[in-house]
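Structure data (JSON, C-alpha atoms) from start16.json:
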[["chain", "number", "residue", "atom", "x", "y", "z"],
["A", 26, "MET", "CA", 0.00, 0.00, 0.00],
["A", 27, "GLU", "CA", 1.43, 3.36, -1.03],
["A", 28, "HIS", "CA", 1.31, 6.20, 1.50],
["A", 29, "ARG", "CA", 1.32, 9.92, 0.79],
["A", 30, "SER", "CA", 1.75, 13.03, 2.93],
["A", 31, "LEU", "CA", -1.51, 14.57, 4.09],
["A", 32, "GLY", "CA", -1.28, 17.99, 2.53],
["A", 33, "GLY", "CA", 1.47, 20.10, 4.05],
["A", 34, "SER", "CA", 1.60, 17.97, 7.20],
["A", 35, "GLY", "CA", 4.13, 15.28, 8.01],
["A", 36, "VAL", "CA", 1.60, 12.49, 8.58],
["A", 37, "LYS", "CA", 1.33, 9.74, 5.96],
["A", 38, "VAL", "CA", -2.00, 8.35, 4.76],
["A", 39, "SER", "CA", -2.77, 5.28, 2.68],
["A", 40, "LEU", "CA", -3.79, 5.65, -0.95],
["A", 41, "LEU", "CA", -7.26, 4.39, 0.00],
["A", 42, "SER", "CA", -9.23, 5.45, 3.07],
["A", 43, "LEU", "CA", -11.98, 3.33, 4.60],
["A", 44, "GLY", "CA", -15.26, 5.23, 4.66],
["A", 45, "THR", "CA", -17.78, 3.97, 7.21],
["A", 46, "MET", "CA", -21.09, 5.50, 6.16],
["A", 47, "GLN", "CA", -22.43, 1.97, 5.59],
["A", 48, "PHE", "CA", -21.64, 0.86, 9.17],
["A", 49, "GLY", "CA", -24.89, 0.41, 11.08],
["A", 50, "TRP", "CA", -26.85, 1.05, 7.86],
["A", 51, "THR", "CA", -26.25, -1.56, 5.16],
["A", 52, "ALA", "CA", -23.44, -3.28, 7.11],
["A", 53, "ASP", "CA", -24.22, -4.72, 10.55],
["A", 54, "GLU", "CA", -21.66, -4.76, 13.35],
["A", 55, "LYS", "CA", -20.24, -8.19, 12.49],
["A", 56, "THR", "CA", -19.76, -7.26, 8.83],
["A", 57, "SER", "CA", -18.30, -3.89, 9.80],
["A", 58, "PHE", "CA", -15.72, -5.60, 12.04],
["A", 59, "ALA", "CA", -14.77, -7.94, 9.19],
["A", 60, "VAL", "CA", -14.33, -5.00, 6.80],
["A", 61, "LEU", "CA", -12.24, -3.11, 9.37],
["A", 62, "ASP", "CA", -10.01, -6.15, 9.92],
["A", 63, "ALA", "CA", -9.50, -6.77, 6.22],
["A", 64, "ALA", "CA", -8.85, -3.09, 5.43],
["A", 65, "TYR", "CA", -6.24, -2.88, 8.20],
["A", 66, "ASP", "CA", -4.55, -6.07, 7.01],
["A", 67, "ALA", "CA", -4.44, -4.64, 3.46],
["A", 68, "GLY", "CA", -2.52, -1.59, 4.69],
["A", 69, "ILE", "CA", -5.31, 0.99, 4.86],
["A", 70, "ASN", "CA", -4.45, 3.28, 7.76],
["A", 71, "VAL", "CA", -7.24, 5.88, 7.46],
["A", 72, "ILE", "CA", -10.71, 5.27, 8.91],
["A", 73, "ASP", "CA", -13.12, 8.06, 8.00],
["A", 74, "THR", "CA", -16.44, 8.52, 9.75],
["A", 75, "ALA", "CA", -18.83, 11.24, 10.99],
["A", 76, "ASP", "CA", -20.98, 11.78, 14.04],
["A", 77, "ILE", "CA", -24.19, 11.94, 11.99],
["A", 78, "TYR", "CA", -23.80, 8.44, 10.48],
["A", 79, "SER", "CA", -26.58, 6.91, 10.34],
["A", 80, "ARG", "CA", -28.94, 9.58, 11.62],
["A", 81, "TRP", "CA", -30.96, 9.49, 8.40],
["A", 82, "ILE", "CA", -32.51, 6.18, 9.47],
["A", 83, "GLU", "CA", -35.79, 6.73, 11.29],
["A", 84, "GLY", "CA", -35.30, 6.43, 15.04],
["A", 85, "ASN", "CA", -31.49, 6.50, 14.75],
["A", 86, "PRO", "CA", -29.84, 9.20, 16.94],
["A", 87, "GLY", "CA", -26.60, 9.13, 14.95],
["A", 88, "GLY", "CA", -23.17, 8.14, 16.13],
["A", 89, "VAL", "CA", -23.69, 4.50, 15.15],
["A", 90, "ALA", "CA", -20.63, 4.21, 12.89],
["A", 91, "GLU", "CA", -18.44, 5.88, 15.51],
["A", 92, "SER", "CA", -19.73, 3.46, 18.15],
["A", 93, "ILE", "CA", -18.95, 0.44, 15.95],
["A", 94, "ILE", "CA", -15.42, 1.74, 15.36],
["A", 95, "GLY", "CA", -15.02, 2.30, 19.10],
["A", 96, "LYS", "CA", -16.01, -1.31, 19.81],
["A", 97, "TRP", "CA", -13.51, -2.50, 17.20],
["A", 98, "PHE", "CA", -10.74, -0.49, 18.86],
["A", 99, "ARG", "CA", -11.60, -1.98, 22.23],
["A", 100, "LYS", "CA", -11.19, -5.43, 20.67],
["A", 101, "ASN", "CA", -7.97, -4.37, 18.95],
["A", 102, "PRO", "CA", -6.30, -1.74, 21.18],
["A", 103, "GLU", "CA", -2.90, -2.32, 19.60],
["A", 104, "LYS", "CA", -4.21, -1.03, 16.25],
["A", 105, "ARG", "CA", -5.27, 2.41, 17.46],
["A", 106, "ALA", "CA", -1.77, 3.93, 17.27],
["A", 107, "GLN", "CA", -1.42, 2.80, 13.63],
["A", 108, "ILE", "CA", -4.70, 4.35, 12.48],
["A", 109, "ILE", "CA", -5.36, 7.87, 11.25],
["A", 110, "LEU", "CA", -8.84, 8.26, 12.73],
["A", 111, "ALA", "CA", -10.92, 10.91, 10.99],
["A", 112, "THR", "CA", -14.39, 12.08, 11.96],
["A", 113, "LYS", "CA", -16.54, 15.12, 11.27],
["A", 114, "VAL", "CA", -18.66, 17.75, 13.02],
["A", 115, "ARG", "CA", -21.45, 20.04, 11.77],
["A", 116, "GLY", "CA", -24.66, 18.03, 11.42],
["A", 117, "ARG", "CA", -27.64, 18.01, 13.74],
["A", 118, "MET", "CA", -27.21, 15.59, 16.64],
["A", 119, "GLY", "CA", -30.17, 16.61, 18.79],
["A", 120, "GLU", "CA", -33.28, 18.78, 18.91],
["A", 121, "GLY", "CA", -31.80, 21.79, 20.70],
["A", 122, "PRO", "CA", -30.84, 25.03, 18.94],
["A", 123, "ASN", "CA", -27.13, 24.40, 19.56],
["A", 124, "ASP", "CA", -27.14, 20.73, 18.60],
["A", 125, "GLU", "CA", -25.72, 21.47, 15.14],
["A", 126, "GLY", "CA", -23.37, 23.88, 13.43],
["A", 127, "LEU", "CA", -19.80, 25.01, 13.85],
["A", 128, "SER", "CA", -20.12, 27.23, 16.90],
["A", 129, "ARG", "CA", -17.59, 26.82, 19.70],
["A", 130, "LYS", "CA", -20.34, 25.39, 21.90],
["A", 131, "HIS", "CA", -21.40, 22.70, 19.44],
["A", 132, "ILE", "CA", -17.84, 21.75, 18.45],
["A", 133, "PHE", "CA", -16.79, 21.23, 22.07],
["A", 134, "SER", "CA", -19.92, 19.22, 22.82],
["A", 135, "ALA", "CA", -19.63, 17.16, 19.63],
["A", 136, "VAL", "CA", -15.96, 16.28, 20.10],
["A", 137, "ASP", "CA", -16.62, 15.02, 23.63],
["A", 138, "HIS", "CA", -19.39, 12.74, 22.37],
["A", 139, "SER", "CA", -17.33, 11.52, 19.41],
["A", 140, "LEU", "CA", -14.35, 10.70, 21.62],
["A", 141, "LYS", "CA", -16.58, 8.72, 23.96],
["A", 142, "ARG", "CA", -18.22, 6.76, 21.14],
["A", 143, "LEU", "CA", -14.88, 6.11, 19.45],
["A", 144, "GLY", "CA", -13.31, 4.93, 22.70],
["A", 145, "THR", "CA", -10.21, 7.08, 22.30],
["A", 146, "ASP", "CA", -8.71, 10.19, 23.85],
["A", 147, "TYR", "CA", -7.73, 11.88, 20.59],
["A", 148, "ILE", "CA", -8.89, 12.24, 16.98],
["A", 149, "ASP", "CA", -6.19, 12.35, 14.33],
["A", 150, "LEU", "CA", -8.15, 14.38, 11.76],
["A", 151, "TYR", "CA", -11.18, 16.40, 12.87],
["A", 152, "GLN", "CA", -13.12, 17.78, 9.91],
["A", 153, "VAL", "CA", -15.90, 20.30, 9.51],
["A", 154, "HIS", "CA", -18.50, 18.39, 7.49],
["A", 155, "TRP", "CA", -19.84, 21.39, 5.55],
["A", 156, "PRO", "CA", -19.89, 25.17, 6.07],
["A", 157, "ASP", "CA", -21.97, 26.94, 8.69],
["A", 158, "GLU", "CA", -23.00, 30.33, 7.34],
["A", 159, "GLY", "CA", -24.32, 31.33, 10.78],
["A", 160, "THR", "CA", -20.96, 31.09, 12.56],
["A", 161, "PRO", "CA", -17.93, 33.31, 11.91],
["A", 162, "ILE", "CA", -15.05, 31.28, 10.52],
["A", 163, "GLU", "CA", -12.73, 32.69, 13.19],
["A", 164, "GLU", "CA", -14.93, 31.25, 15.94],
["A", 165, "THR", "CA", -14.83, 27.83, 14.31],
["A", 166, "LEU", "CA", -11.08, 27.89, 13.74],
["A", 167, "ARG", "CA", -10.33, 29.14, 17.29],
["A", 168, "ALA", "CA", -12.37, 26.27, 18.73],
["A", 169, "LEU", "CA", -10.50, 23.77, 16.54],
["A", 170, "ASP", "CA", -7.17, 25.40, 17.42],
["A", 171, "ASP", "CA", -7.93, 24.97, 21.12],
["A", 172, "LEU", "CA", -8.71, 21.28, 20.58],
["A", 173, "VAL", "CA", -5.34, 20.86, 18.86],
["A", 174, "ARG", "CA", -3.55, 22.67, 21.69],
["A", 175, "GLU", "CA", -5.31, 20.42, 24.21],
["A", 176, "GLY", "CA", -4.22, 17.30, 22.30],
["A", 177, "ARG", "CA", -7.76, 16.05, 21.71],
["A", 178, "VAL", "CA", -7.27, 16.67, 17.97],
["A", 179, "LEU", "CA", -4.04, 16.38, 15.99],
["A", 180, "TYR", "CA", -4.98, 17.82, 12.57],
["A", 181, "ILE", "CA", -8.00, 19.62, 11.15],
["A", 182, "GLY", "CA", -9.67, 19.43, 7.76],
["A", 183, "CYS", "CA", -12.81, 20.48, 5.93],
["A", 184, "SER", "CA", -15.37, 18.93, 3.62],
["A", 185, "ASN", "CA", -17.71, 20.33, 0.98],
["A", 186, "TYR", "CA", -16.00, 23.73, 0.96],
["A", 187, "SER", "CA", -15.96, 25.98, -2.09],
["A", 188, "ALA", "CA", -12.66, 27.50, -3.19],
["A", 189, "TRP", "CA", -13.44, 30.91, -1.71],
["A", 190, "ARG", "CA", -14.46, 29.43, 1.65],
["A", 191, "LEU", "CA", -11.33, 27.33, 1.78],
["A", 192, "MET", "CA", -9.18, 30.37, 0.97],
["A", 193, "GLU", "CA", -11.02, 32.44, 3.59],
["A", 194, "SER", "CA", -10.28, 29.74, 6.15],
["A", 195, "LEU", "CA", -6.60, 29.51, 5.24],
["A", 196, "TRP", "CA", -6.23, 33.27, 5.32],
["A", 197, "THR", "CA", -7.98, 33.51, 8.71],
["A", 198, "SER", "CA", -5.71, 30.83, 10.17],
["A", 199, "GLU", "CA", -2.63, 32.69, 8.93],
["A", 200, "ARG", "CA", -3.88, 36.11, 10.07],
["A", 201, "CYS", "CA", -4.89, 34.89, 13.54],
["A", 202, "ARG", "CA", -2.06, 32.38, 13.91],
["A", 203, "LEU", "CA", -4.43, 29.46, 14.28],
["A", 204, "THR", "CA", -4.16, 25.83, 13.26],
["A", 205, "SER", "CA", -4.86, 25.50, 9.55],
["A", 206, "PHE", "CA", -6.75, 22.93, 7.49],
["A", 207, "VAL", "CA", -4.49, 20.25, 6.01],
["A", 208, "SER", "CA", -7.16, 18.40, 4.03],
["A", 209, "LEU", "CA", -10.32, 18.78, 2.00],
["A", 210, "GLN", "CA", -12.97, 16.15, 1.32],
["A", 211, "PRO", "CA", -14.51, 17.09, -2.03],
["A", 212, "HIS", "CA", -17.20, 15.29, -4.00],
["A", 213, "TYR", "CA", -15.03, 14.18, -6.90],
["A", 214, "ASN", "CA", -15.13, 11.35, -9.43],
["A", 215, "LEU", "CA", -15.05, 10.74, -13.18],
["A", 216, "VAL", "CA", -18.59, 11.98, -13.74],
["A", 217, "HIS", "CA", -18.43, 14.82, -11.20],
["A", 218, "ARG", "CA", -15.25, 16.70, -12.04],
["A", 219, "ALA", "CA", -15.95, 20.35, -12.70],
["A", 220, "GLU", "CA", -16.81, 21.35, -9.14],
["A", 221, "PHE", "CA", -13.37, 20.32, -7.90],
["A", 222, "GLU", "CA", -11.19, 20.91, -10.93],
["A", 223, "ARG", "CA", -12.47, 24.39, -11.75],
["A", 224, "GLU", "CA", -10.78, 26.08, -8.74],
["A", 225, "LEU", "CA", -10.40, 23.77, -5.74],
["A", 226, "GLU", "CA", -7.73, 21.61, -7.34],
["A", 227, "ASP", "CA", -5.41, 24.60, -7.80],
["A", 228, "VAL", "CA", -6.04, 25.76, -4.23],
["A", 229, "CYS", "CA", -5.10, 22.32, -2.91],
["A", 230, "LEU", "CA", -1.96, 22.10, -5.04],
["A", 231, "ASN", "CA", -0.75, 25.62, -4.27],
["A", 232, "PHE", "CA", -1.55, 25.78, -0.56],
["A", 233, "GLY", "CA", -0.66, 22.30, 0.64],
["A", 234, "ILE", "CA", -4.14, 20.87, 1.09],
["A", 235, "GLY", "CA", -4.53, 17.12, 0.64],
["A", 236, "ALA", "CA", -7.67, 16.16, -1.29],
["A", 237, "ILE", "CA", -9.46, 13.07, 0.04],
["A", 238, "PRO", "CA", -12.43, 12.64, -2.33],
["A", 239, "TYR", "CA", -15.64, 10.96, -1.29],
["A", 240, "SER", "CA", -18.10, 9.18, -3.61],
["A", 241, "PRO", "CA", -15.26, 8.01, -5.89],
["A", 242, "LEU", "CA", -17.62, 5.59, -7.67],
["A", 243, "ALA", "CA", -20.49, 8.07, -8.00],
["A", 244, "GLY", "CA", -22.72, 6.16, -5.61],
["A", 245, "GLY", "CA", -22.18, 2.92, -7.53],
["A", 246, "PHE", "CA", -22.86, 4.36, -10.98],
["A", 247, "LEU", "CA", -19.24, 3.81, -12.06],
["A", 248, "THR", "CA", -19.38, 0.15, -11.08],
["A", 249, "GLY", "CA", -21.69, -0.40, -14.05],
["A", 250, "LYS", "CA", -24.33, -2.10, -11.93],
["A", 251, "TYR", "CA", -27.17, 0.13, -13.14],
["A", 252, "ALA", "CA", -28.53, -0.42, -16.65],
["A", 253, "SER", "CA", -28.85, 2.79, -18.65],
["A", 254, "ASN", "CA", -32.14, 1.80, -20.22],
["A", 255, "GLN", "CA", -33.82, 0.63, -17.02],
["A", 256, "ALA", "CA", -34.94, 2.21, -13.78],
["A", 257, "PRO", "CA", -32.74, 1.25, -10.78],
["A", 258, "PRO", "CA", -34.12, -1.75, -8.85],
["A", 259, "GLU", "CA", -36.65, -0.85, -6.19],
["A", 260, "GLY", "CA", -35.00, -0.40, -2.80],
["A", 261, "SER", "CA", -31.52, 0.07, -4.29],
["A", 262, "ARG", "CA", -29.38, 3.11, -3.60],
["A", 263, "GLY", "CA", -29.93, 4.19, -7.18],
["A", 264, "ALA", "CA", -33.69, 4.17, -6.73],
["A", 265, "MET", "CA", -33.36, 6.51, -3.75],
["A", 266, "SER", "CA", -30.77, 8.85, -5.28],
["A", 267, "ASP", "CA", -31.77, 11.68, -7.59],
["A", 268, "ARG", "CA", -28.09, 12.12, -8.45],
["A", 269, "ILE", "CA", -27.65, 8.54, -9.68],
["A", 270, "GLN", "CA", -30.87, 8.75, -11.68],
["A", 271, "ALA", "CA", -29.55, 11.94, -13.26],
["A", 272, "TYR", "CA", -26.33, 10.13, -14.25],
["A", 273, "LEU", "CA", -28.44, 7.44, -15.91],
["A", 274, "LYS", "CA", -30.07, 10.09, -18.10],
["A", 275, "ASP", "CA", -26.95, 12.16, -18.84],
["A", 276, "PRO", "CA", -25.24, 11.39, -22.18],
["A", 277, "THR", "CA", -21.75, 12.39, -21.00],
["A", 278, "SER", "CA", -21.99, 10.29, -17.83],
["A", 279, "LEU", "CA", -23.23, 7.30, -19.82],
["A", 280, "SER", "CA", -20.50, 7.63, -22.46],
["A", 281, "THR", "CA", -17.89, 7.98, -19.68],
["A", 282, "LEU", "CA", -19.13, 4.76, -18.11],
["A", 283, "GLU", "CA", -18.81, 2.99, -21.46],
["A", 284, "ILE", "CA", -15.16, 4.10, -21.72],
["A", 285, "VAL", "CA", -14.53, 2.86, -18.18],
["A", 286, "LYS", "CA", -16.12, -0.49, -18.98],
["A", 287, "GLN", "CA", -14.14, -0.82, -22.21],
["A", 288, "ILE", "CA", -10.80, -0.14, -20.49],
["A", 289, "ALA", "CA", -11.80, -2.54, -17.70],
["A", 290, "LEU", "CA", -12.42, -5.23, -20.30],
["A", 291, "GLU", "CA", -9.05, -4.55, -21.95],
["A", 292, "ARG", "CA", -7.20, -4.66, -18.62],
["A", 293, "GLU", "CA", -9.23, -7.58, -17.23],
["A", 294, "LYS", "CA", -10.27, -5.44, -14.27],
["A", 295, "SER", "CA", -13.61, -4.26, -12.91],
["A", 296, "PRO", "CA", -15.04, -0.84, -13.88],
["A", 297, "SER", "CA", -14.77, 0.32, -10.26],
["A", 298, "GLN", "CA", -11.05, -0.48, -10.23],
["A", 299, "ILE", "CA", -10.51, 1.63, -13.35],
["A", 300, "ALA", "CA", -12.49, 4.56, -11.93],
["A", 301, "LEU", "CA", -10.62, 4.42, -8.62],
["A", 302, "ARG", "CA", -7.22, 4.18, -10.32],
["A", 303, "TRP", "CA", -8.01, 7.26, -12.40],
["A", 304, "LEU", "CA", -8.97, 9.18, -9.25],
["A", 305, "ILE", "CA", -5.91, 8.33, -7.16],
["A", 306, "SER", "CA", -3.77, 9.29, -10.14],
["A", 307, "ARG", "CA", -5.01, 12.88, -10.04],
["A", 308, "PRO", "CA", -2.36, 15.38, -8.89],
["A", 309, "ALA", "CA", -4.11, 16.82, -5.81],
["A", 310, "VAL", "CA", -5.53, 13.54, -4.49],
["A", 311, "VAL", "CA", -3.70, 11.95, -1.57],
["A", 312, "SER", "CA", -6.30, 9.28, -0.74],
["A", 313, "ALA", "CA", -9.73, 8.23, -1.98],
["A", 314, "ILE", "CA", -12.51, 7.23, 0.41],
["A", 315, "ILE", "CA", -14.02, 3.87, -0.43],
["A", 316, "GLY", "CA", -17.21, 2.80, 1.33],
["A", 317, "PRO", "CA", -17.62, -0.97, 1.01],
["A", 318, "ARG", "CA", -20.60, -2.57, 2.66],
["A", 319, "ASP", "CA", -19.04, -6.03, 2.67],
["A", 320, "LEU", "CA", -15.78, -7.91, 2.11],
["A", 321, "GLU", "CA", -16.53, -8.55, -1.56],
["A", 322, "GLN", "CA", -16.78, -4.85, -2.31],
["A", 323, "LEU", "CA", -13.65, -4.13, -0.28],
["A", 324, "GLU", "CA", -11.68, -6.75, -2.18],
["A", 325, "ASP", "CA", -12.84, -5.32, -5.49],
["A", 326, "ASN", "CA", -11.88, -1.78, -4.46],
["A", 327, "LEU", "CA", -8.44, -2.89, -3.29],
["A", 328, "GLY", "CA", -7.88, -4.32, -6.76],
["A", 329, "CYS", "CA", -7.42, -0.78, -8.10],
["A", 330, "LEU", "CA", -3.95, -0.77, -6.54],
["A", 331, "SER", "CA", -2.71, -3.30, -9.08],
["A", 332, "VAL", "CA", -4.18, -1.45, -12.08],
["A", 333, "GLU", "CA", -1.75, 0.22, -14.47],
["A", 334, "LEU", "CA", -3.34, 2.83, -16.70],
["A", 335, "THR", "CA", -1.36, 3.96, -19.71],
["A", 336, "ASP", "CA", -1.11, 7.60, -20.81],
["A", 337, "GLU", "CA", -3.54, 6.68, -23.58],
["A", 338, "ASP", "CA", -6.00, 5.23, -21.05],
["A", 339, "MET", "CA", -5.85, 8.40, -18.95],
["A", 340, "GLU", "CA", -6.34, 10.54, -22.04],
["A", 341, "ARG", "CA", -9.40, 8.53, -23.08],
["A", 342, "LEU", "CA", -10.89, 8.89, -19.61],
["A", 343, "ASP", "CA", -10.03, 12.59, -19.31],
["A", 344, "GLU", "CA", -11.37, 13.53, -22.74],
["A", 345, "GLY", "CA", -14.43, 11.29, -22.51],
["A", 346, "SER", "CA", -15.56, 12.72, -19.17],
["A", 347, "ALA", "CA", -14.73, 16.37, -19.90],
["A", 348, "ARG", "CA", -17.61, 18.85, -19.88]]
Output the structure of this file as structure tokens.
Amino acid sequence: MEHRSLGGSGVKVSLLSLGTMQFGWTADEKTSFAVLDAAYDAGINVIDTADIYSRWIEGNPGGVAESIIGKWFRKNPEKRAQIILATKVRGRMGEGPNDEGLSRKHIFSAVDHSLKRLGTDYIDLYQVHWPDEGTPIEETLRALDDLVREGRVLYIGCSNYSAWRLMESLWTSERCRLTSFVSLQPHYNLVHRAEFERELEDVCLNFGIGAIPYSPLAGGFLTGKYASNQAPPEGSRGAMSDRIQAYLKDPTSLSTLEIVKQIALEREKSPSQIALRWLISRPAVVSAIIGPRDLEQLEDNLGCLSVELTDEDMERLDEGSAR
């Protein structure tokens, strides 16, 4: 497993990160433990989660994925020091007016709860999940800076930030001498490129921000499991996702998928392995977040590490998916 520096920091992260959104949702605790074990054995040293996972399920208070990870650490205490543990703060975790957002009050409350669920006394990478327009960025960054000074957090990052918000944050950290973001989690894949590549990619490359994309397979679209001329199966992720249904109607997305499938056939690999290899070959990307719900999906995703794409392959993918 190749490791790369996380932005301008000295910490090294694996080329693939294990996303845990499926834990407690489509993957029960036993399956989640098996995935965690196999990912660790394969050399993945980043576990990415969030406090709100899986709050979208009716009756679920959130924190389920963090709790499963915490139980795994208690079973495997020797592994904690080898893991870059990443979680996020921002989403609603209760019914009170301060149970969401990026205020100092919510951040301090949220980190305490996350640490308890995760069964650890520090978080390696604490990330703001998305912006909070109601809280000054300086308040957010000062709260995060204090957590770093206390040792409860080692590094900070952001997710779903536009280029101007990321630059505002970096400038505020420099001006106020506060801890600065070292990473960005953007929504980035072969059929969703423009949002990141238009401005964010240059910001990451020029200011030492490591990009850790989520949804690298476009919610499963780039695996080729959805037929372009049919509605997604009832109950599937595609049936519940407007974004995936839009991909299935978009000519450029469909033609991109055909190129991916053709190269996969030529290389005797799966479409997902081709799409992942393209992503981790991008200049600003330090790690891609995979979100397997079982061991079979994990094994398939890990197969991208043995894929070798030629310059011609990359050109076909780049030109075919360009908008």
So that I can see what lies close to Leu150 (chain A), please list as a VMD selection string the residues with an atom at most 8 Å from it, counting all atoms listed in the file and leaving out residues fewer than 2 positions away in the same chain. chain A and resid 109 to 112 148 152 178 to 182
I'd like to know which of A:Asn231, A:Ser184, A:Ser312, A:Gln322 is closest to Ile69 (chain A), using only C-alpha atoms.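 Closest to Ile69 (chain A), using only C-alpha atoms: A:Ser312.
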Enter the distance from CA of Arg105 (chain A) to CA of Tyr147 (chain A), in Å, rounded to one decimal. 10.3 Å
Please list as a PyMOL selection string every residue within 10 Å of Leu169 (chain A), counting all atoms listed in the file and excluding residues in the same chain fewer than 6 positions away. chain A and resi 127+129+132-133+136+151-153+163+175+177-182+203-206
Please compute the CA of Asp227 (chain A)-CA of Gly32 (chain A) distance, one decimal, in Å.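 We find that CA of Asp227 (chain A) and CA of Gly32 (chain A) lie 12.9 Å from each other.
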When you draw a straight line from CA of Gly235 (chain A) to CA of Leu209 (chain A), how long is it in Å?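 Computing the Euclidean distance for CA of Gly235 (chain A) and CA of Leu209 (chain A) yields 6.2 Å.
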Polymer residues at most 12 Å from Glu293 (chain A), only C-alpha atoms, same-chain spacing of 3 or more positions, as number ranges by chain: A: 285-290, 296-299, 328-329, 331-334
With distances taken over all atoms listed in the file, the candidate from A:Gly176, A:Ile162, A:Phe246, A:His154 nearest Pro211 (chain A) is A:His154
Taking 3 positions as the minimum chain separation for residues in the same chain, which residues sit within 12 Å of Met339 (chain A) when counting all atoms listed in the file? Answer as a list in words.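 The residues that qualify are Leu215, Ile284, Val285, Ile288, Ile299, Ala300, Arg302, Trp303, Leu304, Ile305, Ser306, Arg307, Glu333, Leu334, Thr335, Asp336, Leu342, Asp343, Glu344, Gly345, Ser346 and Ala347 of chain A.
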Find the residues around Lys141 (chain A) up to 12 Å (only C-alpha atoms counted), leave out those fewer than 3 positions away in its own chain, and share them as a compact mmCIF listing (two decimals) with C-alpha atoms, in the coordinates of the input.
# COMPACT_ATOMS: atom_id res chain seq x y z
CA ASP A 76 -20.98 11.78 14.04
CA GLY A 88 -23.17 8.14 16.13
CA GLU A 91 -18.44 5.88 15.51
CA SER A 92 -19.73 3.46 18.15
CA ILE A 93 -18.95 0.44 15.95
CA ILE A 94 -15.42 1.74 15.36
CA GLY A 95 -15.02 2.30 19.10
CA LYS A 96 -16.01 -1.31 19.81
CA ARG A 99 -11.60 -1.98 22.23
CA SER A 134 -19.92 19.22 22.82
CA ALA A 135 -19.63 17.16 19.63
CA VAL A 136 -15.96 16.28 20.10
CA ASP A 137 -16.62 15.02 23.63
CA HIS A 138 -19.39 12.74 22.37
CA GLY A 144 -13.31 4.93 22.70
CA THR A 145 -10.21 7.08 22.30
CA ASP A 146 -8.71 10.19 23.85
CA TYR A 147 -7.73 11.88 20.59
CA ILE A 148 -8.89 12.24 16.98
CA ARG A 177 -7.76 16.05 21.71
Among listed residues A:Thr165, A:Gly87, A:Thr74, A:Ile237, nearest Ser30 (chain A) (using only C-alpha atoms):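 Among the listed residues, the smallest separation from Ser30 (chain A) belongs to A:Ile237.
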Rank A:Val228, A:Val38, A:Val173, A:Ala67 by their smallest atom-to-atom distance to Leu323 (chain A), using only C-alpha atoms, and report the top residue only.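 So, comparing all the options, the nearest one is A:Ala67.
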Using all atoms listed in the file, which of A:Arg174, A:Val36, A:Arg318, A:Glu193 sits nearest Gly49 (chain A)?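 Checking each of A:Arg174, A:Val36, A:Arg318, A:Glu193 against Gly49 (chain A), counting all atoms listed in the file, the winner is A:Arg318.
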Spatial sel., origin (-18.8, -3.9, 2.4), limit 8 Å, only C-alpha atoms, listed as number ranges by chain: A: 47, 52, 56-57, 60, 316-323
Minimum-distance residue to Glu158 (chain A), chosen among A:Ser39, A:Pro122, A:Ser139, A:Arg115 (using only C-alpha atoms):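 The shortest atom-to-atom distance to Glu158 (chain A) comes from A:Arg115.
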Need the axis-aligned box for region 28-44 of chain A with 4 Å each side, so what are the centre and edges in Å to one decimal, as AutoDock Vina command-line options?
--center_x -5.6 --center_y 11.7 --center_z 3.8 --size_x 27.4 --size_y 24.8 --size_z 17.5
Rebuild N, CA and C atoms on region 33-43 of chain A, as a PDB file, in the coordinates of the input?
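Dumped everything to selection_26.pdb:
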ATOM      1  N   GLY A  33       0.182  19.564   3.618  1.00  0.00           N
ATOM      2  CA  GLY A  33       1.470  20.100   4.050  1.00  0.00           C
ATOM      3  C   GLY A  33       1.930  19.547   5.381  1.00  0.00           C
ATOM      4  N   SER A  34       1.215  18.562   5.916  1.00  0.00           N
ATOM      5  CA  SER A  34       1.600  17.970   7.200  1.00  0.00           C
ATOM      6  C   SER A  34       2.645  16.885   6.992  1.00  0.00           C
ATOM      7  N   GLY A  35       3.151  16.343   8.104  1.00  0.00           N
ATOM      8  CA  GLY A  35       4.130  15.280   8.010  1.00  0.00           C
ATOM      9  C   GLY A  35       3.538  13.894   8.130  1.00  0.00           C
ATOM     10  N   VAL A  36       2.230  13.799   8.379  1.00  0.00           N
ATOM     11  CA  VAL A  36       1.600  12.490   8.580  1.00  0.00           C
ATOM     12  C   VAL A  36       1.348  11.824   7.232  1.00  0.00           C
ATOM     13  N   LYS A  37       1.500  10.510   7.196  1.00  0.00           N
ATOM     14  CA  LYS A  37       1.330   9.740   5.960  1.00  0.00           C
ATOM     15  C   LYS A  37       0.014   8.970   5.988  1.00  0.00           C
ATOM     16  N   VAL A  38      -0.718   9.038   4.875  1.00  0.00           N
ATOM     17  CA  VAL A  38      -2.000   8.350   4.760  1.00  0.00           C
ATOM     18  C   VAL A  38      -1.973   7.382   3.592  1.00  0.00           C
ATOM     19  N   SER A  39      -2.713   6.298   3.728  1.00  0.00           N
ATOM     20  CA  SER A  39      -2.770   5.280   2.680  1.00  0.00           C
ATOM     21  C   SER A  39      -3.523   5.799   1.459  1.00  0.00           C
ATOM     22  N   LEU A  40      -3.213   5.211   0.313  1.00  0.00           N
ATOM     23  CA  LEU A  40      -3.790   5.650  -0.950  1.00  0.00           C
ATOM     24  C   LEU A  40      -5.317   5.498  -0.966  1.00  0.00           C
ATOM     25  N   LEU A  41      -5.821   4.552  -0.192  1.00  0.00           N
ATOM     26  CA  LEU A  41      -7.260   4.390   0.000  1.00  0.00           C
ATOM     27  C   LEU A  41      -7.596   4.613   1.465  1.00  0.00           C
ATOM     28  N   SER A  42      -8.706   5.269   1.720  1.00  0.00           N
ATOM     29  CA  SER A  42      -9.230   5.450   3.070  1.00  0.00           C
ATOM     30  C   SER A  42     -10.511   4.644   3.199  1.00  0.00           C
ATOM     31  N   LEU A  43     -10.766   4.107   4.385  1.00  0.00           N
ATOM     32  CA  LEU A  43     -11.980   3.330   4.600  1.00  0.00           C
ATOM     33  C   LEU A  43     -13.093   4.233   5.108  1.00  0.00           C
TER      34      LEU A  43
END
